[in-house]
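As structure tokens, the structure follows; a few thoughts come after it.
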Amino acid sequence: MATNSKSAKYVYLFGNKKADGDGTMKPLLGGKGANLAEMSRIGLPVPPGFTITTEVCTYYYDNKQTYPKALDSQTKRGVAFIEEIMGTRFGDDKAMPLLVSVRSGARDSMPGMMDTILNLGLNDRSVLALVNATKNERFAWDCYRRFIQMYGDVVMGVQKRPGEDHEPFEVVIHELKHERHEEDVEDTKLSVDDLKELVARFKGLIMERTDKEFPQDPWKQL
């Protein structure tokens with residue numbers, strides 16, 4: 001494999017009834033990536049996206065947990081490809097922002113082992129653009145608090161420590177519900193103000209556990 005070459009292809013696009021790959025490329029694209037490419041090629045309504053090849057994972061572990069130099073520029077071209085099809089811009093804080101989901105995959109099926117992050121691209125400003133675009137303040141802030149929770153868990157490692165009985169983000173939610181509602185109400189009963197407060201508390205939890213701020217730059221999130 002030409003993993004050290006600047007010309008190596010690490011990002012395969014799919015969408016708009018076209019795809020760089022196809023269903024035969026599971027060793028390179030993983031089962032999910034290969035299937036999405038094939039579905040797009042045969043004209044099924046697949047949302048546009050791109051697959052980062054399994055070679056990047058191999059490179060990461062073979063090269064002291066670093067990434068190929070070409071990956072950054074190829075990823076940005078992948079985002080530009082999605083933006084063009086969707087007519088939205090990643091991280092836009094003036095209009096409907098492009099939000100992306102990151103779904104892990106593998107050469108072989110691993111049920112229950114794959115992590116997912118939804119609504120990547122939201123921050124303190126783009127969430128307001130989402131409010132304006134959808135005219136639904138509760139929906140926007142619920143998306144944001146869920147994104148911070150998933151990102152904090154999967155990417156920043158804010159997880160249950162030895163001796164703790166519950167996931168830390170769930171503890172924060174439980175505490176807020178009892179403070180404001182005096183009972184463990186369903187998440188759907190949380191108000192916009194509740195969700196905004198969860199966003200603030202989640203960011204505080206991340207800082208407390210990692211000594212790092214939750215990234216506001218969408219490109220740093222990616």
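Letters for chains follow the order of the structure tokens (A, B, ...), residue numbers begin at 1 for each chain, and ligand numbers begin at 1 in the order shown.
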
**Report entry** Asn123 of chain A surroundings by only C-alpha atoms, 9 Å radius, close-in-sequence under 4 positions cut, as a list in words
**Finding:**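 Near Asn123 of chain A, the qualifying residues are Gly91, Asp93, Val127, Leu128, Tyr144, Pro215, Gln216, Asp217 and Pro218 of chain A.
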
**Report entry** Distance query Asp193 of chain A at most 9 Å, only C-alpha atoms, self and fewer than 4 positions along chain excluded, as number ranges by chain
**Finding:** A: 138, 197-198

Selection from above, C-alpha atoms, as a PDB file, in the first residue's frame, can you write it?
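Output contents, as saved in out_11.pdb:
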ATOM      1  CA  ARG A 138     -35.932  23.495  21.302  1.00  0.00           C
ATOM      2  CA  GLU A 197     -28.126  24.944  30.889  1.00  0.00           C
ATOM      3  CA  LEU A 198     -27.144  21.375  29.953  1.00  0.00           C
TER       4      LEU A 198
END

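Here atom CA of Gly21 of chain A stands at a distance of 5.6 Å from atom CA of Ala37 of chain A.
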
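The shortest atom-to-atom distance to Met25 of chain A, with only C-alpha atoms taken into account, belongs to A:Thr54 out of A:Thr54, A:Thr210, A:Thr116, A:Asn136.
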
Query - Interatomic distance (Å, one decimal) between atom CA of Met150 of chain A and atom CA of Gly30 of chain A - result: 22.5 Å

Query raised in the report: What residues in segment 56-211 of chain A get the DSSP label strand (DSSP E or B)? Please answer as a list in words.
Result: Arg89, Phe90, Pro97, Leu98, Val100, Ser101, Val102, Arg103, Thr116, Ile117, Leu118, Asn119 and Leu120 of chain A

Keeping only N, CA, C and O atoms, write those residues as a compact mmCIF listing (two decimals), in the first residue's frame.
# COMPACT_ATOMS: atom_id res chain seq x y z
N ARG A 89 -23.23 25.43 4.01
CA ARG A 89 -21.81 25.58 4.28
C ARG A 89 -21.49 25.06 5.68
O ARG A 89 -22.20 25.38 6.64
N PHE A 90 -20.44 24.30 5.78
CA PHE A 90 -20.00 23.73 7.06
C PHE A 90 -19.62 24.86 8.02
O PHE A 90 -18.81 25.72 7.71
N PRO A 97 -26.65 25.77 8.71
CA PRO A 97 -25.31 25.20 8.60
C PRO A 97 -25.34 23.76 8.12
O PRO A 97 -26.32 23.03 8.35
N LEU A 98 -24.28 23.36 7.42
CA LEU A 98 -24.12 21.95 7.08
C LEU A 98 -23.67 21.20 8.32
O LEU A 98 -22.64 21.52 8.91
N VAL A 100 -22.81 17.33 9.84
CA VAL A 100 -22.44 16.01 9.34
C VAL A 100 -22.45 15.00 10.49
O VAL A 100 -22.32 15.35 11.66
N SER A 101 -22.63 13.76 10.12
CA SER A 101 -22.53 12.66 11.08
C SER A 101 -21.27 11.87 10.77
O SER A 101 -20.89 11.72 9.61
N VAL A 102 -20.60 11.41 11.79
CA VAL A 102 -19.40 10.59 11.64
C VAL A 102 -19.72 9.21 12.17
O VAL A 102 -20.02 9.05 13.36
N ARG A 103 -19.66 8.24 11.31
CA ARG A 103 -20.00 6.87 11.68
C ARG A 103 -18.81 5.97 11.40
O ARG A 103 -18.29 5.94 10.29
N THR A 116 -20.72 6.61 16.97
CA THR A 116 -21.32 7.57 16.04
C THR A 116 -21.37 8.93 16.70
O THR A 116 -21.61 9.05 17.91
N ILE A 117 -21.12 9.98 15.93
CA ILE A 117 -21.28 11.35 16.39
C ILE A 117 -22.19 12.06 15.40
O ILE A 117 -21.92 12.07 14.20
N LEU A 118 -23.27 12.64 15.89
CA LEU A 118 -24.23 13.34 15.04
C LEU A 118 -24.11 14.86 15.23
O LEU A 118 -23.70 15.33 16.29
N ASN A 119 -24.49 15.60 14.19
CA ASN A 119 -24.58 17.06 14.24
C ASN A 119 -23.23 17.75 14.41
O ASN A 119 -23.15 18.85 14.98
N LEU A 120 -22.18 17.12 13.91
CA LEU A 120 -20.87 17.74 13.97
C LEU A 120 -20.87 19.01 13.13
O LEU A 120 -21.34 19.02 11.99

Query raised in the report: Out of A:Ser40, A:Asn16, A:Asn35, A:Asn132, which residue has the shortest atom-to-atom distance to Met96 of chain A when counting only C-alpha atoms?
Result: A:Asn132
